[in-house]
Structures are given as structure tokens and as C-alpha cells.
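Asker: Contents of protein26.cif (mmCIF, C-alpha atoms) are below:
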data_query
loop_
_atom_site.label_atom_id
_atom_site.label_comp_id
_atom_site.auth_asym_id
_atom_site.auth_seq_id
_atom_site.Cartn_x
_atom_site.Cartn_y
_atom_site.Cartn_z
CA MET A 5 15.00 15.70 10.12
CA PRO A 6 12.42 17.69 12.06
CA ARG A 7 10.43 16.02 14.78
CA VAL A 8 6.88 17.01 15.64
CA ILE A 9 5.64 16.36 19.16
CA VAL A 10 2.01 15.67 19.92
CA ASP A 11 1.08 15.77 23.60
CA VAL A 12 -2.23 14.21 24.53
CA MET A 13 -3.69 14.85 27.99
CA PRO A 14 -6.95 13.84 29.65
CA LYS A 15 -9.31 16.83 29.78
CA PRO A 16 -9.21 18.57 33.17
CA GLU A 17 -12.77 17.51 34.01
CA ILE A 18 -12.13 13.84 33.15
CA LEU A 19 -11.03 11.57 35.99
CA ASP A 20 -7.43 10.39 35.53
CA PRO A 21 -7.06 7.20 37.61
CA GLN A 22 -3.46 6.64 36.47
CA GLY A 23 -2.36 10.14 37.46
CA LYS A 24 -4.12 9.65 40.79
CA ALA A 25 -2.25 6.38 41.37
CA VAL A 26 1.10 8.05 40.66
CA HIS A 27 0.18 10.96 42.93
CA GLY A 28 -0.83 8.54 45.68
CA ALA A 29 2.52 6.74 45.46
CA LEU A 30 4.66 9.87 45.92
CA PRO A 31 4.21 10.36 49.69
CA ARG A 32 4.85 6.65 50.23
CA LEU A 33 8.22 7.15 48.53
CA GLY A 34 9.00 10.16 50.70
CA PHE A 35 8.29 12.85 48.06
CA SER A 36 6.14 15.70 49.32
CA GLY A 37 4.86 18.97 47.93
CA ILE A 38 3.30 17.59 44.72
CA THR A 39 -0.35 18.62 44.81
CA ASP A 40 -1.60 16.77 41.70
CA VAL A 41 -0.42 14.50 38.89
CA ARG A 42 -2.05 14.06 35.47
CA GLN A 43 -0.79 11.37 33.11
CA GLY A 44 -0.91 11.74 29.34
CA LYS A 45 0.82 10.50 26.20
CA ARG A 46 3.60 11.94 24.06
CA PHE A 47 3.93 11.04 20.37
CA GLU A 48 7.05 11.83 18.34
CA LEU A 49 6.42 12.09 14.59
CA GLU A 50 9.38 12.26 12.23
CA VAL A 51 8.71 14.32 9.09
CA ASP A 52 10.70 15.50 6.08
CA ALA A 53 9.67 19.11 6.61
CA ALA A 54 7.65 20.71 9.38
CA ASP A 55 5.87 23.11 7.05
CA GLU A 56 2.37 24.46 7.44
CA ALA A 57 0.72 21.72 5.37
CA THR A 58 2.46 18.98 7.34
CA LEU A 59 1.51 20.54 10.67
CA ALA A 60 -2.10 20.86 9.52
CA GLU A 61 -2.07 17.19 8.60
CA ILE A 62 -0.56 16.26 11.96
CA ALA A 63 -3.27 18.25 13.73
CA LYS A 64 -5.79 16.17 11.81
CA ILE A 65 -3.97 12.96 12.80
CA ALA A 66 -3.94 14.08 16.43
CA GLU A 67 -7.64 14.79 16.33
CA THR A 68 -8.77 11.62 14.58
CA LEU A 69 -6.41 8.94 15.88
CA LEU A 70 -3.90 10.06 18.53
CA SER A 71 -6.55 11.59 20.80
CA ASN A 72 -10.23 11.10 21.51
CA PRO A 73 -11.70 14.62 21.65
CA VAL A 74 -14.44 13.39 24.01
CA ILE A 75 -11.94 12.79 26.81
CA GLU A 76 -8.60 14.26 25.71
CA ASP A 77 -6.96 17.51 24.56
CA PHE A 78 -3.89 17.62 22.34
CA ALA A 79 -1.10 20.06 21.53
CA VAL A 80 1.21 19.99 18.49
CA ARG A 81 4.70 21.54 18.49
CA VAL A 82 7.89 21.24 16.47
CA GLU A 83 10.96 20.13 18.37
CA GLN A 84 13.97 22.29 17.57
CA MET B 287 -33.01 -18.09 9.06
CA THR B 288 -31.95 -14.75 10.49
CA LYS B 289 -28.20 -14.26 10.17
CA VAL B 290 -26.28 -12.41 12.87
CA GLY B 291 -22.66 -11.55 12.09
CA VAL B 292 -20.00 -11.48 14.80
CA VAL B 293 -16.83 -9.58 13.90
CA THR B 294 -13.48 -10.99 14.97
CA PHE B 295 -10.68 -8.44 15.39
CA PRO B 296 -7.09 -9.33 16.32
CA GLY B 297 -7.45 -9.69 20.10
CA SER B 298 -11.19 -10.38 20.23
CA LEU B 299 -11.93 -12.86 23.02
CA ASP B 300 -15.67 -13.29 23.21
CA ASP B 301 -16.51 -13.77 19.56
CA VAL B 302 -17.07 -17.52 20.04
CA ASP B 303 -19.36 -16.96 23.03
CA ALA B 304 -21.25 -14.30 21.07
CA ARG B 305 -21.78 -16.71 18.18
CA ARG B 306 -22.96 -19.37 20.64
CA ALA B 307 -25.46 -16.90 22.16
CA VAL B 308 -26.75 -16.10 18.67
CA ARG B 309 -27.23 -19.82 17.99
CA LEU B 310 -28.99 -20.43 21.33
CA ALA B 311 -31.32 -17.52 20.54
CA GLY B 312 -32.36 -19.30 17.33
CA ALA B 313 -30.42 -17.40 14.70
CA GLU B 314 -27.56 -18.38 12.43
CA PRO B 315 -24.22 -16.97 13.58
CA VAL B 316 -21.90 -15.76 10.83
CA ALA B 317 -18.21 -15.19 11.54
CA LEU B 318 -17.08 -11.87 10.05
CA TRP B 319 -13.40 -10.96 9.66
CA HIS B 320 -12.01 -7.51 10.49
CA GLY B 321 -9.88 -7.43 7.34
CA ASP B 322 -12.77 -7.99 4.94
CA HIS B 323 -15.04 -5.44 3.30
CA ASP B 324 -17.95 -7.90 3.35
CA LEU B 325 -20.88 -8.21 5.77
CA GLN B 326 -22.01 -11.43 4.00
CA GLY B 327 -25.61 -10.27 3.92
CA VAL B 328 -26.17 -10.51 7.68
CA ASP B 329 -29.32 -9.06 9.28
CA ALA B 330 -27.56 -7.79 12.42
CA ILE B 331 -24.01 -7.43 13.76
CA VAL B 332 -22.32 -8.03 17.11
CA LEU B 333 -18.96 -6.42 17.95
CA PRO B 334 -17.68 -8.74 20.69
CA GLY B 335 -15.61 -8.22 23.81
CA GLY B 336 -11.87 -8.64 24.12
CA PHE B 337 -8.76 -6.54 23.70
CA SER B 338 -8.63 -5.64 20.02
CA TYR B 339 -5.12 -4.58 19.02
CA GLY B 340 -4.03 -5.12 22.63
CA ASP B 341 -5.95 -2.00 23.72
CA TYR B 342 -3.02 -0.02 22.27
CA LEU B 343 -3.50 3.76 22.06
CA ARG B 344 -7.03 3.62 23.52
CA CYS B 345 -9.48 0.73 23.79
CA GLY B 346 -11.16 0.35 20.40
CA ALA B 347 -9.22 3.22 18.81
CA ILE B 348 -7.44 1.09 16.23
CA ALA B 349 -10.25 -1.40 15.61
CA ARG B 350 -12.36 1.55 14.59
CA PHE B 351 -10.23 1.83 11.44
CA ALA B 352 -10.39 -1.89 10.56
CA PRO B 353 -11.50 -2.45 6.95
CA ILE B 354 -14.86 -4.00 7.91
CA MET B 355 -15.77 -1.01 10.07
CA THR B 356 -16.43 1.04 6.92
CA GLU B 357 -19.29 -1.34 6.12
CA VAL B 358 -20.38 -1.65 9.77
CA VAL B 359 -20.68 2.14 10.20
CA GLU B 360 -22.53 2.50 6.91
CA ALA B 361 -24.94 -0.34 7.79
CA ALA B 362 -25.50 1.05 11.31
CA ASN B 363 -26.32 4.47 9.89
CA GLY B 364 -28.75 2.71 7.54
CA GLY B 365 -30.60 1.12 10.47
CA LEU B 366 -29.02 -2.34 10.71
CA PRO B 367 -29.05 -3.56 14.34
CA VAL B 368 -25.54 -3.42 15.84
CA LEU B 369 -24.66 -4.55 19.37
CA GLY B 370 -21.29 -3.71 20.93
CA ILE B 371 -20.33 -5.61 24.05
CA CYS B 372 -17.45 -4.39 26.26
CA ASN B 373 -14.61 -3.82 23.75
CA GLY B 374 -17.36 -3.66 21.11
CA PHE B 375 -18.97 -0.80 23.06
CA GLN B 376 -15.60 0.96 23.16
CA ILE B 377 -15.29 0.53 19.38
CA LEU B 378 -18.79 1.98 18.84
CA CYS B 379 -17.88 5.05 20.92
CA GLU B 380 -14.57 5.49 19.09
CA SER B 381 -16.48 5.18 15.79
CA HIS B 382 -18.87 7.94 16.92
CA LEU B 383 -21.83 5.61 16.43
CA LEU B 384 -22.50 6.17 20.14
CA PRO B 385 -21.68 9.25 22.23
CA GLY B 386 -19.27 9.34 25.16
CA ALA B 387 -16.18 7.27 25.92
CA LEU B 388 -14.97 4.54 28.27
CA ILE B 389 -12.06 5.29 30.59
CA ARG B 390 -10.08 3.32 33.16
CA ASN B 391 -12.13 2.12 36.14
CA ASP B 392 -12.07 4.71 38.94
CA HIS B 393 -10.68 2.14 41.42
CA ARG B 394 -7.91 1.26 38.90
CA THR B 395 -8.39 -2.50 39.16
CA PHE B 396 -9.85 -4.98 36.73
CA VAL B 397 -13.34 -6.00 37.83
CA CYS B 398 -14.92 -9.41 37.21
CA ARG B 399 -18.28 -10.08 38.82
CA ASP B 400 -21.87 -11.08 38.26
CA GLN B 401 -23.49 -7.69 37.87
CA GLN B 402 -27.09 -6.63 38.37
CA LEU B 403 -28.51 -4.32 35.73
CA VAL B 404 -31.82 -2.53 35.41
CA VAL B 405 -33.30 -2.34 31.92
CA GLU B 406 -34.37 1.26 31.26
CA ASN B 407 -35.16 1.13 27.55
CA ALA B 408 -37.00 -1.94 26.29
CA SER B 409 -37.71 -0.58 22.82
CA THR B 410 -34.27 -0.91 21.20
CA ALA B 411 -33.53 -3.60 18.63
CA TRP B 412 -31.58 -5.49 21.30
CA THR B 413 -33.79 -5.12 24.40
CA SER B 414 -37.38 -5.48 23.17
CA ASP B 415 -37.80 -8.86 24.89
CA TYR B 416 -37.20 -7.25 28.29
CA ALA B 417 -39.54 -5.06 30.34
CA VAL B 418 -38.66 -1.57 31.56
CA GLY B 419 -37.54 -1.84 35.18
CA GLN B 420 -36.61 -5.52 34.84
CA THR B 421 -33.46 -6.55 36.71
CA VAL B 422 -31.04 -8.96 35.03
CA THR B 423 -27.73 -10.43 36.20
CA VAL B 424 -24.91 -10.89 33.70
CA PRO B 425 -21.12 -11.10 34.05
CA LEU B 426 -19.07 -7.92 33.91
CA LYS B 427 -15.31 -7.95 33.29
CA ASN B 428 -13.36 -4.86 32.38
CA GLY B 429 -10.46 -2.62 33.27
CA GLU B 430 -11.62 0.38 31.29
CA GLY B 431 -15.39 0.44 31.67
CA GLY B 432 -16.03 3.85 33.20
CA PHE B 433 -18.58 5.56 30.97
CA VAL B 434 -17.98 9.31 30.66
CA ALA B 435 -19.52 12.10 28.61
CA ASP B 436 -20.07 15.82 29.15
CA VAL B 437 -23.06 16.94 31.22
CA ASP B 438 -25.10 18.00 28.17
CA THR B 439 -24.63 14.59 26.55
CA LEU B 440 -25.53 12.77 29.77
CA ASP B 441 -28.67 14.94 30.16
CA ARG B 442 -29.63 14.26 26.55
CA LEU B 443 -29.08 10.50 26.89
CA GLU B 444 -31.30 10.43 29.98
CA GLY B 445 -33.87 12.86 28.57
CA GLU B 446 -34.26 10.97 25.30
CA GLY B 447 -34.42 7.55 26.94
CA GLN B 448 -31.11 6.48 25.40
CA VAL B 449 -29.84 4.88 28.61
CA VAL B 450 -30.53 1.21 27.91
CA VAL B 451 -29.20 -0.45 31.08
CA ARG B 452 -27.96 1.00 34.36
CA TYR B 453 -25.86 -0.65 37.07
CA ALA B 454 -27.93 -1.73 40.09
CA GLY B 455 -26.61 -2.43 43.58
CA VAL B 456 -23.06 -1.24 43.02
CA ASN B 457 -21.43 0.92 40.38
CA PRO B 458 -18.49 -1.34 39.48
CA ASN B 459 -16.29 1.07 37.53
CA GLY B 460 -17.20 4.69 38.22
CA SER B 461 -19.48 5.09 35.20
CA LEU B 462 -21.21 8.46 35.35
CA ARG B 463 -24.86 8.21 36.46
CA ASP B 464 -24.44 4.41 36.77
CA ILE B 465 -24.74 4.05 32.99
CA ALA B 466 -23.93 0.51 31.80
CA GLY B 467 -25.25 0.74 28.26
CA ILE B 468 -26.70 3.25 25.80
CA THR B 469 -28.32 3.41 22.39
CA ASN B 470 -28.38 5.85 19.47
CA ASP B 471 -31.35 8.07 18.48
CA ARG B 472 -32.78 5.34 16.30
CA GLY B 473 -32.44 2.48 18.79
CA ASN B 474 -30.66 0.14 16.36
CA VAL B 475 -27.15 0.59 17.80
CA VAL B 476 -26.65 -0.52 21.41
CA GLY B 477 -23.42 -0.67 23.40
CA LEU B 478 -22.90 -1.99 26.92
CA MET B 479 -19.94 -2.96 29.10
CA PRO B 480 -21.50 -6.08 30.77
CA HIS B 481 -21.53 -9.37 28.87
CA PRO B 482 -25.01 -10.76 28.13
CA GLU B 483 -23.42 -13.43 25.90
CA HIS B 484 -21.93 -15.05 29.02
CA ALA B 485 -25.38 -15.47 30.60
CA VAL B 486 -27.19 -17.64 28.08
CA GLU B 487 -26.90 -21.12 29.62
CA GLU B 488 -27.31 -22.31 33.22
CA LEU B 489 -24.17 -24.45 32.97
CA THR B 490 -21.73 -21.72 32.01
CA GLY B 491 -23.04 -18.49 33.50
CA PRO B 492 -24.92 -16.91 36.38
CA GLY B 493 -28.19 -17.71 34.59
CA THR B 494 -29.82 -17.10 31.25
CA GLU B 495 -30.90 -13.49 31.67
CA GLY B 496 -28.52 -12.27 28.96
CA LEU B 497 -30.21 -14.29 26.23
CA GLY B 498 -32.89 -11.62 25.83
CA PHE B 499 -30.46 -9.33 23.99
CA PHE B 500 -30.09 -11.95 21.27
CA THR B 501 -33.75 -13.01 21.08
CA SER B 502 -34.79 -9.33 21.00
CA VAL B 503 -33.01 -8.70 17.73
CA LEU B 504 -34.83 -11.64 16.14
CA THR B 505 -38.16 -10.23 17.31
CA SER B 506 -37.34 -6.74 16.05
CA LEU B 507 -36.17 -8.05 12.66
CA VAL B 508 -39.33 -10.10 12.17
CA SER B 509 -41.59 -7.18 13.07
CA ARG B 510 -39.77 -4.78 10.76
#
Please rewrite the model in this file as C-alpha cells.

Answerer:
Amino acid sequence: MPRVIVDVMPKPEILDPQGKAVHGALPRLGFSGITDVRQGKRFELEVDAADEATLAEIAKIAETLLSNPVIEDFAVRVEQ
Amino acid sequence: MTKVGVVTFPGSLDDVDARRAVRLAGAEPVALWHGDHDLQGVDAIVLPGGFSYGDYLRCGAIARFAPIMTEVVEAANGGLPVLGICNGFQILCESHLLPGALIRNDHRTFVCRDQQLVVENASTAWTSDYAVGQTVTVPLKNGEGGFVADVDTLDRLEGEGQVVVRYAGVNPNGSLRDIAGITNDRGNVVGLMPHPEHAVEELTGPGTEGLGFFTSVLTSLVSR
């Protein structure tokens, strides 16, 4: 059964306190060289068929429920 | 007697305090249930604070689709006074009844304090008993209370006088332009992160300066 992935990320201009916290913890754990961290959400939607109509519907779902367009961007892709 | 409905969602915490504030202001509180499609003929509505649906997905994102919200949105668009406090404010933003959104506090910790606010718009349905420039102290308690919106929206809110209350002294959560509460074009829908319903009695709060939100709606309903 195909799986559709929806990634939701805070918009670049929106402060991401969680990503900042993760980024701040890295040097304390001895990891260096990471210049920024942004934290988002990943949704996995199981569908019978990943056809055009289904993907259009999932885009609608992503826009109305999975993300808040005021603060977040989303991307839809089919997992092979 | 004026009836003010208070909606209880799964995870609402401050619905009882909101009903008590309504009663102390001289109105009849009516408990409304999230799963109903019935506003029971109330004259105004409060969406209370708490953690509806455990703040899953985003604060207020799931409550927005509760059955009763169909009626609440319709009534708000028709001019019925609606006040959203804390989680209620988040629900109003998610419902697009108010612009902007609330994100995690910039300092990443939950904040609980008695907060000073300056009233900037005293002509909304919920703030008419205050004076512009008046300072009030009410409790504030949130983890995701940072108000954000794009620059155009912020400029419009300020330009049109839709900023209702602003944080004074300190900005407790990183809200842009110190915005603590806003209203819609019409002034009937107001949302704020601080909790006026916790400042309605000397015994249980930092004072009684929050009561004005609840008496204001009575005044505005009578004069309508």
C-alpha cells in the first residue's frame, strides 16, 4: 500500500525555539559543525492509491489540519 | 438575565473559573459542551483556557473542528461577542476568527506570573469598562503564548487599533510587538493569552482587575 509523507516545517522567518534548544545542546554533547537546527513534523498517511485525486486531497488535509499556513510550510511526497 | 456560555472541550481547565467570573460580573453562566451543536441561546461566549486535546498537533488545532465550533464561528461572524482566553485565543486563531498564531515561548519554559497589561482598545465588546492606557494585573500561564504574524498583519492590527492589550514591564513569551491580545475588525471577537478570569476576587487572585472583561460584555449587550 502506498504511503504519502507530509513534512511540516516552521516558516524560515518564524522563531523555532525547539530547534534552537536542540542546536544549543549539540556542542554540550561534543558535536560541532552544525550551524542551525529547525524542528518540524512528519506525517505518514497510508492510502489505497496515490493517484492525483488522493494527492490533491492530502494537500488539502495538509493545508487545513496538518499545518497552520500562518506559521508553517508543508511538502507532500509519495514514498516509494 | 444576560447569559454567557462557556465551552468545555476535552482538556479545558479554566471553564469553571470562567463561569465563576461570569457570575461575579452579574450574568448567568451557561455550560456549553464541545460535542453539541447548540449554543442554548446565549448572548456571548467564552472559550476558556486549558489544553484542549492535550495540545496535540498544535494548540487549538483540533478543538477548532469540534462540533460546537461550527455554531461559534457562525455566531461570531454574525456579531455575537466571543472571548478566547489562552487556549481559547489559540482556538480563535486556528479558526481564523483572529489573525496570527501562538507559538512556543521564546525562552522555551512555561511561564506563570502576575502580568501587567496596558489596555489599548477600550471599545471592544469585552473591554468597554476599561480606559485606554489603563494598566491591569492578571495572571498569565502558558507554554505557547508567543504571538506571531507577518509584518503586514502586525502593521494592520496596530494601524486599525486591533491590539486590545499589550504586555507592560516585561514581555513574558516573546510575543511580537508585546501583543497580549487582539480583536477582529468588528470588535466582537477578542483573544488574549493572560487570564482575566483568575483576577476577579481578592481571595483567589492578584486583585479584581480582570473582572472588567466580563462586566464589559454586559454593558455592550445592554447598549446594543

Asker: On this file, the PyMOL selection byres ((chain B and resi 322) around 12) gives some set of residues; write that set as a PyMOL selection string.

Answerer: chain B and resi 293-295+317-321+323-326+352-358

Asker: Do you have the atom CA of B:Val302-atom CA of B:Thr501 distance handy?

Answerer: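 We find that atom CA of B:Val302 and atom CA of B:Thr501 lie 17.3 Å from each other.
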
Asker: Find the axis-aligned box for stretch 51-58 of chain A, covering all its listed atoms and adding 4 Å on each side, and write its centre and edge lengths in Å to one decimal as JSON.

Answerer:
{"center_x": 5.7, "center_y": 19.4, "center_z": 7.4, "size_x": 18.0, "size_y": 18.1, "size_z": 12.0}

Asker: Take the PyMOL selection byres ((chain A) within 12 of (chain B)), run it mentally on this structure, and tell me the resulting residues as a VMD selection string.

Answerer: chain A and resid 12 14 to 26 44 to 47 66 to 76

Asker: Counting all atoms listed in the file, what is within 9 Å of A:Val51, bar same-chain residues fewer than 2 positions away, as a PyMOL selection string?

Answerer: chain A and resi 5-8+49+53-54+58

Asker: Restricted to C-alpha atoms, what would the selected residues look like written as a PDB file, in the frame of the given file?

Answerer:
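The new file part.pdb reads:
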ATOM      1  CA  MET A   5      15.000  15.700  10.120  1.00  0.00           C
ATOM      2  CA  PRO A   6      12.420  17.690  12.060  1.00  0.00           C
ATOM      3  CA  ARG A   7      10.430  16.020  14.780  1.00  0.00           C
ATOM      4  CA  VAL A   8       6.880  17.010  15.640  1.00  0.00           C
ATOM      5  CA  LEU A  49       6.420  12.090  14.590  1.00  0.00           C
ATOM      6  CA  ALA A  53       9.670  19.110   6.610  1.00  0.00           C
ATOM      7  CA  ALA A  54       7.650  20.710   9.380  1.00  0.00           C
ATOM      8  CA  THR A  58       2.460  18.980   7.340  1.00  0.00           C
TER       9      THR A  58
END

Asker: I need the residue nearest B:Arg472 from this list: B:Val397, B:Ala411, B:Ile331, B:Ala307. Use all atoms listed in the file for the distance.

Answerer: B:Ala411

Asker: Just want the 8 Å neighbourhood of B:Thr413, counted on all atoms listed in the file, with same-chain residues fewer than 4 positions away dropped. Output as number ranges by chain.

Answerer: B: 407-409, 450, 498-499, 502-503

Asker: One number please: atom CA of B:Arg442 to atom CA of B:Ile468, in Å, one decimal.

Answerer: 11.4 Å

Asker: Write out as a ChimeraX atom specification which residues come within 7 Å of B:Phe337 when counting all atoms listed in the file, dropping same-chain ones fewer than 4 positions away.

Answerer: /B:297-298,341,373

Asker: Suppose you want the space between atom CA of B:Asp400 and atom CA of B:Val424; what is it in Å?

Answerer: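 Going from atom CA of B:Asp400 over to atom CA of B:Val424, I get 5.5 Å.
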
Asker: Generate the missing atoms of stretch 376-403 of chain B up to N, CA and C atoms and report them as a compact mmCIF listing (two decimals), in the frame of the given file.

Answerer:
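Wrote it out as rebuild-v6.txt, contents follow:
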# COMPACT_ATOMS: atom_id res chain seq x y z
N GLN B 376 -16.69 -0.01 23.30
CA GLN B 376 -15.60 0.96 23.16
C GLN B 376 -15.37 1.30 21.69
N ILE B 377 -15.47 0.30 20.82
CA ILE B 377 -15.29 0.53 19.38
C ILE B 377 -16.41 1.41 18.84
N LEU B 378 -17.65 1.17 19.30
CA LEU B 378 -18.79 1.98 18.84
C LEU B 378 -18.63 3.44 19.26
N CYS B 379 -18.11 3.67 20.46
CA CYS B 379 -17.88 5.05 20.92
C CYS B 379 -16.76 5.70 20.11
N GLU B 380 -15.68 4.96 19.88
CA GLU B 380 -14.57 5.49 19.09
C GLU B 380 -15.01 5.77 17.65
N SER B 381 -15.98 5.00 17.16
CA SER B 381 -16.48 5.18 15.79
C SER B 381 -17.51 6.30 15.70
N HIS B 382 -17.86 6.89 16.84
CA HIS B 382 -18.87 7.94 16.92
C HIS B 382 -20.26 7.43 16.56
N LEU B 383 -20.47 6.12 16.62
CA LEU B 383 -21.83 5.61 16.43
C LEU B 383 -22.61 5.79 17.73
N LEU B 384 -21.89 5.87 18.84
CA LEU B 384 -22.50 6.17 20.14
C LEU B 384 -21.71 7.29 20.79
N PRO B 385 -22.38 8.15 21.58
CA PRO B 385 -21.68 9.25 22.23
C PRO B 385 -20.91 8.79 23.47
N GLY B 386 -20.00 9.63 23.93
CA GLY B 386 -19.27 9.34 25.16
C GLY B 386 -18.02 8.51 24.91
N ALA B 387 -17.41 8.06 26.01
CA ALA B 387 -16.18 7.27 25.92
C ALA B 387 -16.07 6.42 27.18
N LEU B 388 -15.21 5.41 27.12
CA LEU B 388 -14.97 4.54 28.27
C LEU B 388 -13.54 4.78 28.76
N ILE B 389 -13.40 5.06 30.04
CA ILE B 389 -12.06 5.29 30.59
C ILE B 389 -11.76 4.25 31.67
N ARG B 390 -10.51 4.28 32.15
CA ARG B 390 -10.08 3.32 33.16
C ARG B 390 -11.00 3.37 34.39
N ASN B 391 -11.29 2.20 34.95
CA ASN B 391 -12.13 2.12 36.14
C ASN B 391 -11.60 3.06 37.23
N ASP B 392 -12.52 3.71 37.95
CA ASP B 392 -12.07 4.71 38.94
C ASP B 392 -11.23 4.09 40.04
N HIS B 393 -11.46 2.78 40.35
CA HIS B 393 -10.68 2.14 41.42
C HIS B 393 -9.40 1.49 40.86
N ARG B 394 -9.17 1.63 39.56
CA ARG B 394 -7.91 1.26 38.90
C ARG B 394 -7.64 -0.24 38.87
N THR B 395 -8.61 -1.05 39.23
CA THR B 395 -8.39 -2.50 39.16
C THR B 395 -9.38 -3.11 38.18
N PHE B 396 -8.97 -4.22 37.61
CA PHE B 396 -9.85 -4.98 36.73
C PHE B 396 -10.99 -5.54 37.58
N VAL B 397 -12.20 -5.48 37.07
CA VAL B 397 -13.34 -6.00 37.83
C VAL B 397 -13.93 -7.17 37.08
N CYS B 398 -14.27 -8.23 37.81
CA CYS B 398 -14.92 -9.41 37.21
C CYS B 398 -15.95 -9.89 38.21
N ARG B 399 -17.22 -9.72 37.89
CA ARG B 399 -18.28 -10.08 38.82
C ARG B 399 -19.58 -10.33 38.08
N ASP B 400 -20.51 -10.99 38.79
CA ASP B 400 -21.87 -11.08 38.26
C ASP B 400 -22.57 -9.79 38.64
N GLN B 401 -23.02 -9.05 37.65
CA GLN B 401 -23.49 -7.69 37.87
C GLN B 401 -24.99 -7.58 37.62
N GLN B 402 -25.67 -6.92 38.56
CA GLN B 402 -27.09 -6.63 38.37
C GLN B 402 -27.26 -5.37 37.52
N LEU B 403 -28.20 -5.46 36.59
CA LEU B 403 -28.51 -4.32 35.73
C LEU B 403 -30.01 -4.09 35.75
